[in-house]
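Below: start-v9.txt (compact mmCIF, C-alpha atoms)
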```
# COMPACT_ATOMS: atom_id res chain seq x y z
CA MET I 1 31.52 79.15 35.99
CA ALA I 2 29.35 76.87 38.10
CA GLU I 3 27.07 74.57 36.14
CA PRO I 4 23.68 73.14 37.24
CA ILE I 5 23.76 69.72 38.87
CA LEU I 6 22.34 67.15 36.49
CA ASP I 7 23.20 63.95 38.34
CA TYR I 8 22.75 64.31 42.09
CA ASP I 9 23.88 60.77 42.88
CA SER I 10 27.15 61.33 41.03
CA PHE I 11 27.51 64.72 42.73
CA PHE I 12 26.95 63.35 46.21
CA GLU I 13 29.20 60.30 45.68
CA GLY I 14 31.94 62.51 44.31
CA ALA I 15 31.68 64.82 47.32
CA LYS I 16 31.81 61.93 49.80
CA SER I 17 34.74 60.35 48.00
CA ALA I 18 36.64 63.66 47.95
CA LEU I 19 35.98 64.27 51.66
CA LEU I 20 37.06 60.74 52.52
CA GLU I 21 40.30 61.18 50.60
CA LEU I 22 40.86 64.58 52.23
CA ASP I 23 40.36 63.04 55.67
CA THR I 24 42.79 60.22 54.87
CA LEU I 25 45.37 62.67 53.52
CA SER I 26 44.99 64.98 56.54
CA THR I 27 45.49 62.06 58.93
CA GLU I 28 48.58 60.93 57.03
CA GLU I 29 49.90 64.49 56.96
CA GLU I 30 49.56 64.78 60.75
CA ARG I 31 51.25 61.41 61.18
CA LEU I 32 54.15 62.43 58.96
CA ARG I 33 54.51 65.74 60.81
CA ALA I 34 54.63 63.91 64.13
CA GLU I 35 57.11 61.42 62.70
CA GLY I 36 59.28 64.29 61.41
CA GLU I 37 59.26 65.92 64.83
CA ARG I 38 60.15 62.61 66.46
CA VAL I 39 63.06 62.01 64.11
CA THR I 40 64.24 65.62 64.50
CA LYS I 41 64.21 65.23 68.28
CA ALA I 42 66.08 61.93 67.96
CA ILE I 43 68.72 63.65 65.81
CA GLU I 44 69.08 66.51 68.31
CA ALA I 45 69.25 64.05 71.21
CA GLU I 46 71.94 62.02 69.45
CA LYS I 47 73.96 65.16 68.65
CA LYS I 48 73.64 66.29 72.25
CA ALA I 49 74.69 62.84 73.47
CA VAL I 50 77.71 62.92 71.16
CA GLU I 51 78.67 66.37 72.44
CA GLY I 52 78.25 65.13 76.01
CA ARG I 53 80.44 62.06 75.39
CA ILE I 54 83.07 64.24 73.73
CA ALA I 55 83.05 66.74 76.60
CA GLU I 56 83.12 63.99 79.25
CA THR I 57 85.88 62.00 77.53
CA THR I 58 88.12 64.96 76.76
CA SER I 59 87.65 66.33 80.29
CA LYS I 60 88.53 62.93 81.77
CA ARG I 61 91.60 62.57 79.54
CA LEU I 62 92.73 66.10 80.39
CA LYS I 63 92.38 65.41 84.12
CA GLU I 64 94.30 62.15 83.76
CA ILE I 65 97.16 63.84 81.89
CA THR I 66 97.25 66.71 84.38
CA SER I 67 97.12 64.31 87.33
CA THR I 68 99.98 62.19 85.97
CA TYR I 69 102.24 65.17 85.38
CA ASP I 70 101.28 66.78 88.70
CA ALA I 71 102.20 63.56 90.52
CA GLU I 72 105.60 63.51 88.80
CA ILE I 73 106.13 67.21 89.52
CA LYS I 74 105.31 66.60 93.19
CA LYS I 75 107.81 63.74 93.37
CA ALA I 76 110.48 65.93 91.78
CA GLU I 77 109.61 68.80 94.12
CA ASP I 78 109.80 66.45 97.12
CA ILE I 79 113.28 65.36 96.02
CA ARG I 80 114.33 69.01 95.68
CA LYS I 81 112.90 69.88 99.09
CA SER I 82 114.59 66.83 100.63
CA LEU I 83 117.96 67.90 99.19
CA GLU I 84 117.43 71.46 100.43
CA ALA I 85 116.52 70.09 103.88
CA LYS I 86 119.69 67.97 103.91
CA LYS I 87 121.72 71.00 102.86
CA GLY I 88 120.03 73.04 105.60
CA LYS I 89 120.91 70.43 108.22
CA ALA I 90 124.46 70.19 106.97
CA LYS I 91 124.79 73.97 106.99
CA SER I 92 123.26 74.20 110.47
CA LYS I 93 125.74 71.63 111.73
CA LYS I 94 128.67 73.47 110.18
CA VAL I 95 127.36 76.81 111.46
CA SER I 96 127.07 75.33 114.94
CA GLU I 97 130.61 73.98 114.64
CA ARG I 98 131.82 77.39 113.51
CA ILE I 99 130.04 79.12 116.40
CA ALA I 100 131.47 76.61 118.85
CA ASP I 101 134.94 77.09 117.38
CA GLU I 102 134.83 80.89 117.33
CA THR I 103 133.36 81.12 120.84
CA LYS I 104 135.45 78.35 122.40
CA ASP I 105 137.80 80.79 124.14
CA LEU I 106 134.84 82.70 125.58
CA HIS I 107 133.17 79.52 126.84
CA ASP I 108 136.45 78.40 128.38
CA HIS I 109 136.82 81.81 129.99
CA ILE I 110 133.26 81.56 131.37
CA ALA I 111 134.00 78.11 132.78
CA ASN I 112 137.22 79.36 134.41
CA THR I 113 135.41 82.41 135.81
CA LYS I 114 132.67 80.19 137.30
CA SER I 115 135.40 78.01 138.86
CA GLU I 116 136.97 81.14 140.27
CA ILE I 117 133.60 82.17 141.76
CA LYS I 118 133.18 78.73 143.35
CA SER I 119 136.71 78.93 144.75
CA GLU I 120 136.05 82.36 146.22
CA ILE I 121 132.79 81.16 147.82
CA LYS I 122 134.56 78.08 149.22
CA LYS I 123 137.47 80.14 150.53
CA GLU I 124 135.16 82.62 152.27
CA LYS I 125 132.80 79.82 153.41
CA LEU I 126 129.83 81.60 151.87
CA PRO I 127 126.50 79.93 151.04
CA GLY I 128 126.33 78.69 147.47
CA PHE I 129 123.50 81.09 146.56
CA CYS I 130 125.90 84.04 147.09
CA GLY I 131 127.37 83.27 143.70
CA GLY I 132 123.99 83.33 141.98
CA ARG I 133 122.43 86.08 139.89
CA LEU I 134 119.40 86.46 142.19
CA TYR I 135 121.52 87.22 145.27
CA HIS I 136 123.56 89.89 143.51
CA THR I 137 120.42 91.44 142.03
CA PHE I 138 118.98 92.12 145.47
CA TYR I 139 122.16 92.82 147.48
CA PHE I 140 124.47 94.40 144.90
CA PRO I 141 122.23 95.97 142.22
CA HIS I 142 124.09 98.09 139.71
CA LYS I 143 122.33 97.51 136.37
CA PHE I 144 119.04 98.92 135.10
CA PHE I 145 117.27 95.55 135.01
CA ASP I 146 118.44 94.82 138.56
CA PHE I 147 116.36 97.75 139.80
CA VAL I 148 113.41 96.73 137.60
CA LYS I 149 113.51 93.24 139.16
CA ILE I 150 113.65 94.73 142.66
CA VAL I 151 110.58 96.90 142.00
CA LEU I 152 108.65 93.92 140.66
CA ALA I 153 109.70 91.77 143.61
CA VAL I 154 108.54 94.43 146.09
CA LEU I 155 105.16 94.67 144.35
CA VAL I 156 104.69 90.91 144.38
CA ILE I 157 105.92 90.26 147.91
CA PHE I 158 104.52 93.26 149.76
CA LEU I 159 101.31 93.85 147.79
CA ALA I 160 100.17 90.73 145.94
CA MET I 161 101.29 88.12 148.49
CA PRO I 162 99.37 89.65 151.46
CA MET I 163 96.22 89.86 149.33
CA VAL I 164 96.54 86.21 148.32
CA ILE I 165 97.02 85.17 151.94
CA TYR I 166 94.04 87.31 152.94
CA LYS I 167 91.81 85.63 150.30
CA LEU I 168 92.86 82.18 151.44
CA ILE I 169 91.83 82.76 155.07
CA PRO I 170 88.29 81.37 155.68
CA ASN I 171 85.77 84.01 156.78
CA HIS I 172 88.41 86.71 156.23
CA ARG I 173 87.73 90.20 157.48
CA THR I 174 89.24 93.52 156.48
CA ILE I 175 90.78 93.95 159.93
CA TYR I 176 93.15 91.09 159.09
CA LEU I 177 94.86 92.96 156.26
CA PRO I 178 97.11 95.31 158.33
CA PHE I 179 98.32 92.37 160.39
CA ILE I 180 98.99 90.29 157.29
CA TYR I 181 100.99 93.13 155.71
CA LEU I 182 102.90 93.66 158.93
CA ALA I 183 103.68 89.94 159.24
CA VAL I 184 104.91 89.73 155.63
CA ILE I 185 107.08 92.83 156.03
CA ILE I 186 108.58 91.54 159.29
CA LEU I 187 109.20 88.01 157.95
CA ILE I 188 110.48 88.86 154.48
CA GLY I 189 112.23 92.05 155.55
CA GLY I 190 113.76 90.32 158.56
CA LEU I 191 114.97 87.43 156.41
CA TYR I 192 116.47 89.89 153.90
CA ILE I 193 118.33 91.79 156.67
CA LEU I 194 119.50 88.56 158.29
CA ILE I 195 120.96 87.21 155.05
CA GLY I 196 122.56 90.60 154.37
CA ASN I 197 124.18 90.71 157.85
CA LEU I 198 125.52 87.16 157.52
CA THR I 199 126.90 87.67 154.01
CA LYS I 200 127.16 91.20 152.67
CA ALA I 201 128.21 92.82 155.96
CA ARG I 202 130.94 90.25 156.70
CA HIS I 203 132.26 89.48 153.20
CA ARG I 204 131.63 92.63 151.23
CA ASP I 205 134.99 92.68 149.42
CA SER I 206 134.71 89.03 148.35
CA LEU I 207 131.13 89.51 147.21
CA LEU I 208 132.09 92.59 145.19
CA LYS I 209 134.83 90.51 143.59
CA ILE I 210 132.25 87.80 142.79
CA ARG I 211 129.96 90.44 141.34
CA ALA I 212 132.78 91.65 139.10
CA LEU I 213 133.39 88.05 137.99
CA ARG I 214 129.67 87.65 137.22
CA ASP I 215 129.81 90.86 135.16
CA THR I 216 132.70 89.32 133.26
CA ILE I 217 130.58 86.22 132.57
CA ASP I 218 127.68 88.42 131.40
CA ASN I 219 130.01 90.30 129.06
CA ASP I 220 131.34 87.02 127.70
CA PHE I 221 127.78 85.83 127.04
CA LYS I 222 127.01 89.10 125.25
CA ARG I 223 130.06 88.62 123.03
CA ILE I 224 129.00 85.01 122.36
CA LYS I 225 125.52 86.21 121.43
CA LEU I 226 126.97 88.87 119.12
CA ILE I 227 129.31 86.40 117.42
CA THR I 228 126.45 83.89 117.01
CA LYS I 229 124.25 86.57 115.45
CA GLU I 230 127.01 87.65 113.03
CA ILE I 231 127.64 84.05 111.96
CA ASN I 232 123.92 83.32 111.50
CA ASN I 233 123.52 86.49 109.43
CA ASP I 234 126.49 85.62 107.23
CA SER I 235 124.88 84.60 103.91
CA SER I 236 128.13 83.35 102.40
CA GLU I 237 128.32 79.54 102.23
CA GLU I 238 131.82 79.25 100.76
CA ARG I 239 133.47 78.09 103.97
CA TYR I 240 130.89 75.35 104.59
CA ASP I 241 131.76 73.16 101.56
CA LEU I 242 128.16 72.67 100.39
CA GLY I 243 128.94 72.53 96.66
CA ASP I 244 127.78 68.92 96.25
CA PHE I 245 124.39 69.81 97.71
CA ASP I 246 124.11 72.86 95.43
CA ALA I 247 124.83 70.73 92.34
CA GLU I 248 122.20 68.16 93.32
CA ILE I 249 119.63 70.85 94.16
CA GLU I 250 120.25 72.61 90.84
CA GLU I 251 119.84 69.29 89.01
CA ALA I 252 116.58 68.68 90.92
CA LYS I 253 115.33 72.17 89.97
CA VAL I 254 116.16 71.53 86.31
CA ASN I 255 114.26 68.22 86.52
CA VAL I 256 111.21 69.94 88.03
CA GLN I 257 111.23 72.59 85.31
CA SER I 258 111.70 69.93 82.64
CA ILE I 259 108.60 68.04 83.82
CA LYS I 260 106.63 71.31 83.96
CA ASP I 261 107.70 72.11 80.38
CA LYS I 262 106.67 68.62 79.28
CA LYS I 263 103.32 69.09 80.99
CA THR I 264 102.78 72.38 79.15
CA ALA I 265 103.69 70.72 75.85
CA ALA I 266 101.44 67.72 76.56
CA LEU I 267 98.47 69.94 77.42
CA SER I 268 99.07 72.04 74.31
CA GLU I 269 99.27 68.88 72.17
CA PHE I 270 96.05 67.62 73.74
CA GLU I 271 94.19 70.87 73.13
CA ASN I 272 95.46 71.36 69.58
CA SER I 273 95.45 67.78 68.27
CA THR I 274 94.47 64.91 70.56
CA LYS I 275 91.20 66.54 71.62
CA LYS I 276 90.07 66.80 67.97
CA ILE I 277 91.06 63.18 67.28
CA ILE I 278 89.00 61.99 70.28
CA ALA I 279 86.05 64.13 69.15
CA ASP I 280 86.28 62.75 65.60
CA GLU I 281 86.41 59.15 66.85
CA ILE I 282 83.35 59.59 69.06
CA ALA I 283 81.51 61.39 66.25
CA ASP I 284 82.41 58.57 63.84
CA ASN I 285 80.83 56.05 66.22
CA SER I 286 77.51 57.91 65.89
CA ARG I 287 77.83 58.94 62.25
CA GLU I 288 76.00 55.86 60.90
CA LYS I 289 73.09 56.36 63.30
CA LEU I 290 72.86 60.08 62.50
CA GLU I 291 73.00 59.41 58.75
CA SER I 292 70.21 56.86 59.13
CA LEU I 293 68.09 59.33 61.12
CA ASN I 294 68.79 62.13 58.62
CA ASN I 295 67.83 59.86 55.73
CA GLU I 296 64.66 58.90 57.56
CA LEU I 297 63.91 62.57 58.16
CA GLU I 298 64.51 63.40 54.50
CA VAL I 299 62.17 60.61 53.36
CA THR I 300 59.58 61.79 55.87
CA LYS I 301 59.88 65.37 54.62
CA GLN I 302 59.50 64.26 51.01
CA SER I 303 56.46 62.15 51.84
CA LEU I 304 55.03 64.99 53.90
CA GLY I 305 55.54 67.41 51.03
CA SER I 306 53.83 65.07 48.59
CA ILE I 307 50.93 64.36 50.95
CA ALA I 308 50.53 68.05 51.85
CA ALA I 309 50.47 69.02 48.17
CA ARG I 310 47.87 66.35 47.39
CA ARG I 311 45.77 67.35 50.44
CA SER I 312 45.86 70.98 49.36
CA GLU I 313 44.87 69.99 45.83
CA ILE I 314 41.92 67.91 47.08
CA ASN I 315 40.88 70.64 49.52
CA LEU I 316 40.84 73.26 46.75
CA ASP I 317 39.02 70.84 44.42
CA ILE I 318 36.34 70.29 47.10
CA SER I 319 36.06 74.03 47.51
CA ASP I 320 35.60 74.51 43.76
CA LYS I 321 33.24 71.57 43.07
CA TYR I 322 31.21 71.09 46.22
CA GLU I 323 31.60 73.89 48.78
CA SER I 324 30.02 76.47 46.49
CA TYR I 325 26.86 74.26 46.29
CA LEU I 326 26.75 72.80 49.78
CA GLY I 327 28.47 75.45 51.90
CA ARG I 328 31.15 74.73 54.51
CA ASP I 329 28.59 73.45 57.06
CA PHE I 330 27.42 70.62 54.83
CA LEU I 331 30.86 69.35 53.81
CA GLN I 332 30.40 66.31 56.05
CA PRO I 333 29.70 62.75 54.84
CA ALA I 334 26.75 62.26 57.24
CA LYS I 335 25.02 65.46 56.15
CA ILE I 336 25.69 64.68 52.49
CA GLU I 337 24.14 61.22 53.03
CA ALA I 338 21.06 62.92 54.53
CA LEU I 339 20.70 65.36 51.60
CA GLN I 340 21.19 62.52 49.09
CA LYS I 341 18.41 60.50 50.77
CA LEU I 342 15.99 63.44 50.74
CA ILE I 343 16.43 63.84 46.98
CA SER I 344 16.40 60.11 46.20
CA ASP I 345 13.20 59.72 48.26
CA LYS I 346 11.63 62.56 46.22
CA GLU I 347 11.14 64.66 49.35
CA ALA I 348 13.13 67.42 47.66
CA THR I 349 13.57 68.14 43.97
CA ASN I 350 16.87 70.04 44.17
CA LEU I 351 19.79 70.72 46.52
CA SER I 352 18.44 73.98 47.94
CA GLU I 353 15.13 72.33 48.90
CA ALA I 354 17.02 69.41 50.47
CA ILE I 355 19.19 71.77 52.55
CA ASP I 356 16.17 73.79 53.70
CA LEU I 357 14.23 70.65 54.61
CA TYR I 358 17.21 69.22 56.47
CA GLN I 359 17.67 72.38 58.46
CA LYS I 360 13.94 72.61 59.32
CA ARG I 361 13.96 69.01 60.62
CA GLN I 362 17.13 69.66 62.61
CA ASN I 363 15.58 72.78 64.13
CA GLY I 364 12.40 70.92 65.07
```
Now that the file is in, can you turn its structure into structure tokens?
Amino acid sequence: MAEPILDYDSFFEGAKSALLELDTLSTEEERLRAEGERVTKAIEAEKKAVEGRIAETTSKRLKEITSTYDAEIKKAEDIRKSLEAKKGKAKSKKVSERIADETKDLHDHIANTKSEIKSEIKKEKLPGFCGGRLYHTFYFPHKFFDFVKIVLAVLVIFLAMPMVIYKLIPNHRTIYLPFIYLAVIILIGGLYILIGNLTKARHRDSLLKIRALRDTIDNDFKRIKLITKEINNDSSEERYDLGDFDAEIEEAKVNVQSIKDKKTAALSEFENSTKKIIADEIADNSREKLESLNNELEVTKQSLGSIAARRSEINLDISDKYESYLGRDFLQPAKIEALQKLISDKEATNLSEAIDLYQKRQNG
């Protein structure tokens, strides 16, 4: 129960003292809160920095391990590829030798047939081109592609060539085209007939014999091509004596796989053991600092708790002893000083009169 104020000086001094202490405690409480937040942020920053160093270090170590093993794997792969390339060259050489050996008789037969053609041309005193493929295509066609070549030649010579000549003539006019076609037909056709009269008409039997010899050469080339294809498609390597290469290549493959297995084991060891050791070492380097910060935070929290409890106690005490008399608006040292002066100067006899007088003067 509230009691009447008997000693106003004691009342006012007590109120000012309590407010001063409350203000001091509130300031200290705010400072300790700010300090706690600062230390908490420092702790979080240090933890984050530790996590960053751990992540950076482990990532770097992992890349280094991977890079080292990858370099060794590449070297081993290069050795394997080099051995396979050497084997391929050796096989190609032996395949070429086998082809040459198995087609030797055909090549010799082709050479003899060509000599026979040259002899026939020399005996009949024919131009050298009479033994060529082009001559026999146009004067003794008997194969499908001979007729295809003749059709293409006619299109080029009697259609395309006149048009090209026509385009090349300066200030050309359409009237020139019939004459150009006629000239080409006469020249080319005449040349064709002339060559035919000088060769085909006079030496038909010899030229037919040469054509038969050329067919023999073509057949020999077809057989050579077939034999070459069969040899190239033969997957068996037994006859080529490549066992030493196979042993070295197999050893190189085993070496590559061995390094890959070691890489897998090293990465597993890193993930399951080494990574944790690195993390523990980095964490240990910061443990002392974190412990210091945590201790500082704990001390700050304890001080803050003590100060907050005392501030609450003083605040409630002010509420009980002074607020009920003065009201919340007059719980200020300056206003209390003013009320105290009014009573000490005998301008007011009690607190209510002092408050009323103060408010009237403030309101004008």
Considering only C-alpha atoms, return as a PyMOL selection string whatever protein or nucleic-acid residues lie within 12 Å of region 229-232 of chain I, sequence-local ones (same chain, fewer than 6 positions apart) excluded.
chain I and resi 91-103+222-223+239-240
Would you pick out the contacts of region 143-145 of chain I at 12 Å or less, using all atoms listed in the file, so that residues sharing its chain but fewer than 3 positions from it are not included, and give the list as a ChimeraX atom specification?
/I:133-134,136-138,140,148-152,211,215,218
Is there a way to get, as a ChimeraX atom specification, all residues within 12 Å of the point (101.5, 90.3, 152.6) in file coordinates, counting all atoms listed in the file?
/I:154-168,176-189
List as a ChimeraX atom specification the protein and nucleic acid residues near Arg33 (chain I), meaning an atom at most 12 Å away when all atoms listed in the file are counted, but skip any in the same chain fewer than 4 places from it.
/I:26-29,37-40,297,299-305,307-308
Take CA of Lys276 (chain I) and CA of Ala55 (chain I) and report the distance between them in Å, one decimal.
11.1 Å
Quote the spacing between CA of Ala45 (chain I) and CA of Glu296 (chain I) in Å to one decimal place.
15.3 Å
Skip Lys209 (chain I) itself and residues of its chain fewer than 5 positions away, then list as a VMD selection string all residues within 12 Å of it, counting only C-alpha atoms.
chain I and resid 113 116 to 121 124 130 to 131 136 140 200 203 to 204 214 to 216
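Across I:Ile54, I:Leu331, I:Glu288, I:Asp105, the tightest approach to Ser319 (chain I) is made by I:Leu331 when counting only C-alpha atoms.
Closest approach to Lys89 (chain I) among I:Ile355, I:Ala265, I:Phe245, I:Glu251: I:Phe245, based on only C-alpha atoms.
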May I have the centre and edge lengths, in Å to one decimal, of an axis-aligned box around the listed atoms of region 313-328 of chain I with 4 Å added to every side, as AutoDock Vina command-line options?
```
--center_x 35.8 --center_y 72.2 --center_z 48.8 --size_x 26.1 --size_y 16.6 --size_z 19.4
```
Which neighbours of region 60-72 of chain I fall inside 9 Å, counting all atoms listed in the file, when residues of the same chain fewer than 5 positions from it are skipped, and could you give them as a count of residues only?
12
Across I:Glu250, I:Glu337, I:Glu238, I:Asp220, the smallest distance to Ile79 (chain I), with only C-alpha atoms counted, is shown by I:Glu250
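Counting from CA of Ala76 (chain I), the distance to CA of Asp244 (chain I) is 18.1 Å.
Nearest to Ile224 (chain I) of all the residues I:Ala201, I:Ala153, I:Leu106, I:Leu194 is I:Leu106, based on only C-alpha atoms.
Each of I:Asn171, I:Ile318, I:Asn295, I:Ile278 was compared to Glu56 (chain I) using all atoms listed in the file, and I:Ile278 turns out to be the nearest.
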Missing atoms of region 332-355 of chain I rebuilt to N, CA, C and O atoms, written as a JSON list (two decimals), in the frame of the given file:
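Listing of part24.json after writing:
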```
[["chain", "number", "residue", "atom", "x", "y", "z"],
["I", 332, "GLN", "N", 30.24, 67.43, 55.14],
["I", 332, "GLN", "CA", 30.40, 66.31, 56.05],
["I", 332, "GLN", "C", 29.68, 65.10, 55.46],
["I", 332, "GLN", "O", 28.54, 65.23, 54.99],
["I", 333, "PRO", "N", 30.31, 63.94, 55.45],
["I", 333, "PRO", "CA", 29.70, 62.75, 54.84],
["I", 333, "PRO", "C", 28.30, 62.45, 55.36],
["I", 333, "PRO", "O", 27.40, 62.11, 54.61],
["I", 334, "ALA", "N", 28.06, 62.58, 56.65],
["I", 334, "ALA", "CA", 26.75, 62.26, 57.24],
["I", 334, "ALA", "C", 25.68, 63.20, 56.71],
["I", 334, "ALA", "O", 24.55, 62.79, 56.37],
["I", 335, "LYS", "N", 26.00, 64.48, 56.64],
["I", 335, "LYS", "CA", 25.02, 65.46, 56.15],
["I", 335, "LYS", "C", 24.78, 65.27, 54.66],
["I", 335, "LYS", "O", 23.65, 65.42, 54.17],
["I", 336, "ILE", "N", 25.85, 64.92, 53.93],
["I", 336, "ILE", "CA", 25.69, 64.68, 52.49],
["I", 336, "ILE", "C", 24.79, 63.46, 52.27],
["I", 336, "ILE", "O", 23.92, 63.45, 51.38],
["I", 337, "GLU", "N", 25.00, 62.42, 53.10],
["I", 337, "GLU", "CA", 24.14, 61.22, 53.03],
["I", 337, "GLU", "C", 22.67, 61.61, 53.24],
["I", 337, "GLU", "O", 21.77, 61.14, 52.55],
["I", 338, "ALA", "N", 22.44, 62.50, 54.22],
["I", 338, "ALA", "CA", 21.06, 62.92, 54.53],
["I", 338, "ALA", "C", 20.44, 63.69, 53.36],
["I", 338, "ALA", "O", 19.28, 63.47, 52.98],
["I", 339, "LEU", "N", 21.21, 64.58, 52.75],
["I", 339, "LEU", "CA", 20.70, 65.36, 51.60],
["I", 339, "LEU", "C", 20.43, 64.43, 50.42],
["I", 339, "LEU", "O", 19.42, 64.58, 49.71],
["I", 340, "GLN", "N", 21.34, 63.46, 50.21],
["I", 340, "GLN", "CA", 21.19, 62.52, 49.09],
["I", 340, "GLN", "C", 19.90, 61.70, 49.27],
["I", 340, "GLN", "O", 19.16, 61.46, 48.30],
["I", 341, "LYS", "N", 19.60, 61.30, 50.50],
["I", 341, "LYS", "CA", 18.41, 60.50, 50.77],
["I", 341, "LYS", "C", 17.13, 61.30, 50.53],
["I", 341, "LYS", "O", 16.13, 60.80, 49.99],
["I", 342, "LEU", "N", 17.17, 62.60, 50.93],
["I", 342, "LEU", "CA", 15.99, 63.44, 50.74],
["I", 342, "LEU", "C", 15.65, 63.58, 49.25],
["I", 342, "LEU", "O", 14.47, 63.54, 48.85],
["I", 343, "ILE", "N", 16.69, 63.70, 48.43],
["I", 343, "ILE", "CA", 16.43, 63.84, 46.98],
["I", 343, "ILE", "C", 16.04, 62.51, 46.37],
["I", 343, "ILE", "O", 15.12, 62.42, 45.53],
["I", 344, "SER", "N", 16.73, 61.43, 46.79],
["I", 344, "SER", "CA", 16.40, 60.11, 46.20],
["I", 344, "SER", "C", 15.02, 59.64, 46.60],
["I", 344, "SER", "O", 14.34, 58.90, 45.88],
["I", 345, "ASP", "N", 14.54, 60.09, 47.80],
["I", 345, "ASP", "CA", 13.20, 59.72, 48.26],
["I", 345, "ASP", "C", 12.13, 60.69, 47.72],
["I", 345, "ASP", "O", 10.98, 60.62, 48.13],
["I", 346, "LYS", "N", 12.54, 61.60, 46.86],
["I", 346, "LYS", "CA", 11.63, 62.56, 46.22],
["I", 346, "LYS", "C", 11.02, 63.56, 47.21],
["I", 346, "LYS", "O", 10.01, 64.20, 46.90],
["I", 347, "GLU", "N", 11.66, 63.68, 48.40],
["I", 347, "GLU", "CA", 11.14, 64.66, 49.35],
["I", 347, "GLU", "C", 11.58, 66.07, 48.95],
["I", 347, "GLU", "O", 11.00, 67.05, 49.39],
["I", 348, "ALA", "N", 12.65, 66.14, 48.17],
["I", 348, "ALA", "CA", 13.13, 67.42, 47.66],
["I", 348, "ALA", "C", 13.53, 67.21, 46.22],
["I", 348, "ALA", "O", 14.01, 66.15, 45.83],
["I", 349, "THR", "N", 13.29, 68.27, 45.41],
["I", 349, "THR", "CA", 13.57, 68.14, 43.97],
["I", 349, "THR", "C", 14.95, 68.67, 43.60],
["I", 349, "THR", "O", 15.50, 68.33, 42.54],
["I", 350, "ASN", "N", 15.52, 69.52, 44.47],
["I", 350, "ASN", "CA", 16.87, 70.04, 44.17],
["I", 350, "ASN", "C", 17.64, 70.20, 45.50],
["I", 350, "ASN", "O", 17.13, 69.97, 46.60],
["I", 351, "LEU", "N", 18.87, 70.64, 45.37],
["I", 351, "LEU", "CA", 19.79, 70.72, 46.52],
["I", 351, "LEU", "C", 19.34, 71.77, 47.53],
["I", 351, "LEU", "O", 19.39, 71.55, 48.74],
["I", 352, "SER", "N", 18.86, 72.91, 47.03],
["I", 352, "SER", "CA", 18.44, 73.98, 47.94],
["I", 352, "SER", "C", 17.26, 73.53, 48.78],
["I", 352, "SER", "O", 17.20, 73.80, 49.99],
["I", 353, "GLU", "N", 16.28, 72.83, 48.13],
["I", 353, "GLU", "CA", 15.13, 72.33, 48.90],
["I", 353, "GLU", "C", 15.59, 71.31, 49.93],
["I", 353, "GLU", "O", 15.10, 71.29, 51.07],
["I", 354, "ALA", "N", 16.53, 70.45, 49.55],
["I", 354, "ALA", "CA", 17.02, 69.41, 50.47],
["I", 354, "ALA", "C", 17.70, 70.06, 51.68],
["I", 354, "ALA", "O", 17.51, 69.64, 52.83],
["I", 355, "ILE", "N", 18.49, 71.10, 51.45],
["I", 355, "ILE", "CA", 19.19, 71.77, 52.55],
["I", 355, "ILE", "C", 18.19, 72.44, 53.48],
["I", 355, "ILE", "O", 18.28, 72.34, 54.70]]
```
